[in-house]
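Right, one structure below, let's go through it.
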Amino acid sequence: MTIEMSPAGPEFQIIEKTINNTVSYTGLVGASLKPLLGKAIADYKRKINEHSILIVDYRKGDPVVLPQDLNSLLDEVGDAWSIPERIVYLYNENNRMRTAHFSKLVLKRGGDVVAVSCWRDASEALGMDLGRDPLDERDAVADSQDSDEIAS
């Protein structure tokens with residue numbers, strides 16, 4: 001699913017896929033100009049009940065919940081944080097502290113959570129082969145489309 005931003009900003013995308021039939025992957029690319037608290041709550045609730053492992057990838061984007069709304073997100077999802085076998089957050093240097101803080105809050109709610117900086121570390125934290133990094137796949141498709149446009 002792609003959510004378009006105003007022409008002044010870069011495109012914001014939410015990439016969703018299922019890996020190995022048990023892992024829910026959500027990658028955020030770009031930055032949203034508006035907070036998406038309601039969507040985040042609905043997505044967490046749905047994915048927690050459909051998958052045993054959640055991966056939320058902020059390496060090419062930023063968290064969509066404002067810091068002042070974190071408690072609302074945590075309260076709305078409630079005890080469901082303890083349902084998944086594991087939650088993995090991937091971060092970049094710009095959002096590392098926010099991701100670490102949120103991970104700690106989820107841990108306090110009973111979630112088995114880890115924050116890592118790369119796809120390989122996510123795979124190791126889960127003890128499974130996750131296959132190719134979805135952001136690498138996205139970049140390869142984008143590069144291919146760029147090459148096609150130049151050739152035209």
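Here's how to read the names in the structure tokens: chain A, B, ... by the order shown, residue numbers from 1 in each chain, ligand numbers from 1 in the order shown.
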DSSP says helix (DSSP H, G or I) for which residues of chain A? Put them as a VMD selection string?
chain A and resid 37 to 50 67 to 82 96 to 108 119 to 126 134 to 151
What's the 8 Å shell around stretch 31-42 of chain A, counting only C-alpha atoms, without same-chain residues fewer than 3 positions away, as a ChimeraX atom specification?
/A:5,10-12,28,45-46,61-62,64-66,69,73,76-77
I need the chosen residues saved as a CSV table (one decimal), in the first residue's frame, with all heavy atoms.
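The file below, again.csv, is the result:
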```
chain,number,residue,atom,x,y,z
A,5,MET,N,2.0,11.7,-0.4
A,5,MET,CA,2.2,12.9,0.4
A,5,MET,C,1.9,14.1,-0.5
A,5,MET,O,1.8,13.9,-1.7
A,5,MET,CB,3.6,13.0,0.9
A,5,MET,CG,4.0,11.9,2.0
A,5,MET,SD,5.6,12.0,2.6
A,5,MET,CE,5.7,13.6,3.3
A,10,PRO,N,8.7,14.1,-0.2
A,10,PRO,CA,9.0,12.8,-0.9
A,10,PRO,C,7.8,11.9,-0.6
A,10,PRO,O,7.0,12.0,0.3
A,10,PRO,CB,10.3,12.3,-0.2
A,10,PRO,CG,10.3,12.9,1.1
A,10,PRO,CD,9.6,14.2,1.0
A,11,GLU,N,7.7,10.9,-1.4
A,11,GLU,CA,6.6,9.9,-1.3
A,11,GLU,C,6.8,9.1,0.0
A,11,GLU,O,7.9,8.6,0.3
A,11,GLU,CB,6.6,9.0,-2.5
A,11,GLU,CG,5.4,8.0,-2.5
A,11,GLU,CD,5.4,7.2,-3.8
A,11,GLU,OE1,6.0,7.5,-4.8
A,11,GLU,OE2,4.7,6.1,-3.7
A,12,PHE,N,5.7,8.9,0.7
A,12,PHE,CA,5.8,8.0,1.9
A,12,PHE,C,5.1,6.7,1.5
A,12,PHE,O,4.1,6.7,0.9
A,12,PHE,CB,5.0,8.7,3.0
A,12,PHE,CG,4.8,7.8,4.2
A,12,PHE,CD1,6.0,7.5,5.0
A,12,PHE,CD2,3.6,7.3,4.6
A,12,PHE,CE1,5.9,6.8,6.1
A,12,PHE,CE2,3.5,6.5,5.7
A,12,PHE,CZ,4.6,6.2,6.5
A,28,LEU,N,8.7,1.1,6.5
A,28,LEU,CA,8.3,2.5,6.3
A,28,LEU,C,9.4,3.2,5.5
A,28,LEU,O,10.6,3.2,5.9
A,28,LEU,CB,8.1,3.2,7.6
A,28,LEU,CG,7.0,2.5,8.5
A,28,LEU,CD1,7.0,3.1,9.9
A,28,LEU,CD2,5.7,2.5,7.9
A,45,LYS,N,-2.9,-4.4,15.9
A,45,LYS,CA,-3.9,-5.3,16.4
A,45,LYS,C,-4.1,-6.4,15.4
A,45,LYS,O,-4.2,-7.6,15.7
A,45,LYS,CB,-5.2,-4.6,16.7
A,45,LYS,CG,-5.2,-3.8,18.0
A,45,LYS,CD,-6.5,-3.1,18.2
A,45,LYS,CE,-6.6,-2.4,19.5
A,45,LYS,NZ,-7.9,-1.8,19.8
A,46,ARG,N,-4.3,-6.1,14.1
A,46,ARG,CA,-4.5,-7.0,13.1
A,46,ARG,C,-3.3,-8.0,12.9
A,46,ARG,O,-3.5,-9.2,12.9
A,46,ARG,CB,-4.8,-6.3,11.7
A,46,ARG,CG,-4.9,-7.3,10.5
A,46,ARG,CD,-5.2,-6.5,9.3
A,46,ARG,NE,-4.3,-5.4,9.0
A,46,ARG,CZ,-3.2,-5.6,8.3
A,46,ARG,NH1,-2.8,-6.8,7.9
A,46,ARG,NH2,-2.4,-4.5,8.0
A,61,GLY,N,12.9,5.2,6.9
A,61,GLY,CA,11.7,6.0,7.2
A,61,GLY,C,11.8,6.4,8.7
A,61,GLY,O,12.8,6.2,9.4
A,62,ASP,N,10.7,6.9,9.2
A,62,ASP,CA,10.6,7.3,10.6
A,62,ASP,C,9.3,6.8,11.2
A,62,ASP,O,8.4,6.5,10.5
A,62,ASP,CB,10.6,8.9,10.7
A,62,ASP,CG,11.9,9.5,10.4
A,62,ASP,OD1,12.9,9.0,11.0
A,62,ASP,OD2,12.0,10.5,9.6
A,64,VAL,N,5.8,6.5,12.7
A,64,VAL,CA,4.6,7.3,12.3
A,64,VAL,C,3.8,7.7,13.5
A,64,VAL,O,2.8,8.4,13.3
A,64,VAL,CB,3.7,6.5,11.3
A,64,VAL,CG1,4.5,6.3,10.0
A,64,VAL,CG2,3.2,5.2,11.9
A,65,VAL,N,4.2,7.4,14.7
A,65,VAL,CA,3.5,7.8,15.9
A,65,VAL,C,4.3,8.8,16.6
A,65,VAL,O,5.5,8.6,16.8
A,65,VAL,CB,3.2,6.6,16.8
A,65,VAL,CG1,2.5,7.0,18.1
A,65,VAL,CG2,2.4,5.5,16.1
A,66,LEU,N,3.7,9.9,16.9
A,66,LEU,CA,4.4,11.0,17.6
A,66,LEU,C,4.8,10.6,19.0
A,66,LEU,O,4.1,9.8,19.6
A,66,LEU,CB,3.6,12.3,17.6
A,66,LEU,CG,3.2,12.9,16.3
A,66,LEU,CD1,2.2,14.0,16.4
A,66,LEU,CD2,4.4,13.4,15.6
A,69,ASP,N,2.2,10.5,21.6
A,69,ASP,CA,1.1,9.5,21.4
A,69,ASP,C,1.5,8.1,21.7
A,69,ASP,O,0.6,7.2,21.5
A,69,ASP,CB,0.6,9.6,19.9
A,69,ASP,CG,-0.1,10.9,19.6
A,69,ASP,OD1,-0.7,11.5,20.5
A,69,ASP,OD2,-0.1,11.3,18.4
A,73,LEU,N,-0.9,4.5,21.9
A,73,LEU,CA,-0.7,3.3,21.1
A,73,LEU,C,-0.5,2.1,22.0
A,73,LEU,O,-1.2,1.1,21.8
A,73,LEU,CB,0.5,3.5,20.2
A,73,LEU,CG,1.0,2.2,19.5
A,73,LEU,CD1,-0.1,1.7,18.5
A,73,LEU,CD2,2.3,2.5,18.7
A,76,GLU,N,-4.0,1.2,23.7
A,76,GLU,CA,-5.0,0.7,22.8
A,76,GLU,C,-4.7,-0.7,22.4
A,76,GLU,O,-5.6,-1.6,22.3
A,76,GLU,CB,-5.0,1.6,21.5
A,76,GLU,CG,-5.8,2.8,21.7
A,76,GLU,CD,-7.3,2.6,21.9
A,76,GLU,OE1,-7.9,1.7,21.3
A,76,GLU,OE2,-7.9,3.4,22.7
A,77,VAL,N,-3.4,-1.1,22.2
A,77,VAL,CA,-3.0,-2.4,21.8
A,77,VAL,C,-3.1,-3.3,23.1
A,77,VAL,O,-3.4,-4.5,23.0
A,77,VAL,CB,-1.6,-2.5,21.1
A,77,VAL,CG1,-1.2,-3.9,20.9
A,77,VAL,CG2,-1.7,-1.7,19.8
```
Between atom CA of A:Lys60 and atom CA of A:Asn95 - distance in Å to one decimal:
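Computed distance, atom CA of A:Asn95 to atom CA of A:Lys60, equals 9.9 Å.
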Check the smallest atom-to-atom distance from each of A:Asp79, A:Asp121, A:Glu137, A:Asp112 to A:Tyr91 using only C-alpha atoms, then report the winner.
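Looking at the shortest contact to A:Tyr91, the residue is A:Asp121.
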From the set A:Asn71, A:Ser117, A:Ser82, A:Asn49, which residue has the shortest atom-to-atom contact distance to A:Phe102, counting only C-alpha atoms?
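Residue with the minimum atom-to-atom distance to A:Phe102: A:Asn71.
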Quick one: distance from atom CA of A:Arg59 to atom CA of A:Lys108 in Å, one decimal?
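Atom CA of A:Arg59 sits 23.7 Å away from atom CA of A:Lys108.
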Please return as number ranges by chain: the residues of stretch 26-141 of chain A that backbone DSSP assigns to strand (DSSP E or B).
A: 26-30, 53-61, 86-90, 113-116
Using only C-alpha atoms, find the one residue out of A:Asp136, A:Glu124, A:Asp43, A:Asp75 that sits nearest to A:Val88.
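Checking each candidate against A:Val88, we get A:Glu124 as the closest.
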Contact residues around A:Val114 with only C-alpha atoms at 12 Å, ignoring same-chain residues under 2 positions, as a PyMOL selection string
chain A and resi 53-57+85-91+99-107+111-112+116-118+121-126
Output file for the selection above: N, CA and C atoms, as a short mmCIF file (atom, residue, chain, number, x, y, z; two decimals), in the first residue's frame:
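out-v9.cif, freshly written:
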```cif
data_model
loop_
_atom_site.label_atom_id
_atom_site.label_comp_id
_atom_site.auth_asym_id
_atom_site.auth_seq_id
_atom_site.Cartn_x
_atom_site.Cartn_y
_atom_site.Cartn_z
N ILE A 53 5.28 -13.47 14.48
CA ILE A 53 6.46 -12.59 14.56
C ILE A 53 6.15 -11.31 13.78
N LEU A 54 6.50 -10.18 14.36
CA LEU A 54 6.33 -8.89 13.67
C LEU A 54 7.69 -8.26 13.46
N ILE A 55 7.92 -7.74 12.27
CA ILE A 55 9.11 -6.94 11.98
C ILE A 55 8.61 -5.58 11.51
N VAL A 56 9.09 -4.52 12.16
CA VAL A 56 8.77 -3.16 11.76
C VAL A 56 10.09 -2.49 11.42
N ASP A 57 10.19 -2.04 10.18
CA ASP A 57 11.46 -1.57 9.64
C ASP A 57 11.43 -0.05 9.41
N GLU A 85 5.48 -14.13 19.32
CA GLU A 85 6.69 -14.77 19.84
C GLU A 85 7.81 -13.73 19.96
N ARG A 86 7.86 -12.81 18.99
CA ARG A 86 8.90 -11.79 19.01
C ARG A 86 8.49 -10.63 18.11
N ILE A 87 8.91 -9.44 18.50
CA ILE A 87 8.75 -8.23 17.69
C ILE A 87 10.15 -7.69 17.45
N VAL A 88 10.48 -7.43 16.19
CA VAL A 88 11.79 -6.90 15.83
C VAL A 88 11.60 -5.53 15.19
N TYR A 89 12.31 -4.55 15.72
CA TYR A 89 12.33 -3.22 15.14
C TYR A 89 13.70 -3.00 14.50
N LEU A 90 13.70 -2.54 13.26
CA LEU A 90 14.94 -2.17 12.58
C LEU A 90 15.00 -0.64 12.55
N TYR A 91 16.15 -0.09 12.87
CA TYR A 91 16.28 1.36 12.98
C TYR A 91 17.42 1.89 12.14
N THR A 99 13.41 4.44 18.55
CA THR A 99 13.10 3.02 18.41
C THR A 99 13.47 2.26 19.68
N ALA A 100 14.62 2.58 20.26
CA ALA A 100 15.04 1.93 21.51
C ALA A 100 14.06 2.24 22.64
N HIS A 101 13.63 3.49 22.72
CA HIS A 101 12.68 3.89 23.76
C HIS A 101 11.36 3.14 23.61
N PHE A 102 10.85 3.08 22.38
CA PHE A 102 9.59 2.39 22.15
C PHE A 102 9.74 0.89 22.44
N SER A 103 10.87 0.32 22.06
CA SER A 103 11.11 -1.10 22.34
C SER A 103 11.05 -1.37 23.84
N LYS A 104 11.65 -0.48 24.62
CA LYS A 104 11.62 -0.63 26.09
C LYS A 104 10.19 -0.58 26.62
N LEU A 105 9.40 0.32 26.07
CA LEU A 105 8.01 0.43 26.51
C LEU A 105 7.22 -0.84 26.18
N VAL A 106 7.45 -1.41 24.99
CA VAL A 106 6.78 -2.65 24.62
C VAL A 106 7.24 -3.79 25.52
N LEU A 107 8.53 -3.83 25.84
CA LEU A 107 9.06 -4.83 26.77
C LEU A 107 8.33 -4.77 28.11
N GLY A 111 5.95 -7.59 25.89
CA GLY A 111 6.37 -7.99 24.56
C GLY A 111 7.80 -8.51 24.55
N ASP A 112 8.06 -9.51 23.73
CA ASP A 112 9.42 -10.00 23.51
C ASP A 112 9.94 -9.24 22.31
N VAL A 116 17.29 -3.79 16.22
CA VAL A 116 18.56 -4.05 15.53
C VAL A 116 18.69 -3.08 14.35
N SER A 117 19.89 -3.01 13.79
CA SER A 117 20.13 -2.03 12.73
C SER A 117 20.22 -2.62 11.32
N CYS A 118 20.23 -3.94 11.18
CA CYS A 118 20.35 -4.50 9.83
C CYS A 118 19.56 -5.79 9.69
N ASP A 121 21.02 -8.97 11.25
CA ASP A 121 20.82 -9.04 12.70
C ASP A 121 19.38 -9.43 13.04
N ALA A 122 18.43 -8.99 12.24
CA ALA A 122 17.03 -9.38 12.46
C ALA A 122 16.88 -10.89 12.27
N SER A 123 17.49 -11.40 11.21
CA SER A 123 17.46 -12.82 10.93
C SER A 123 18.08 -13.62 12.08
N GLU A 124 19.23 -13.15 12.56
CA GLU A 124 19.90 -13.82 13.68
C GLU A 124 19.07 -13.75 14.96
N ALA A 125 18.44 -12.62 15.23
CA ALA A 125 17.63 -12.45 16.44
C ALA A 125 16.44 -13.41 16.43
N LEU A 126 15.96 -13.73 15.23
CA LEU A 126 14.82 -14.65 15.11
C LEU A 126 15.25 -16.10 14.95
#
```
Just the number, please: distance in Å from atom CA of A:Thr22 to atom CA of A:Arg138, one decimal.
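Separation of atom CA of A:Thr22 and atom CA of A:Arg138: 21.1 Å.
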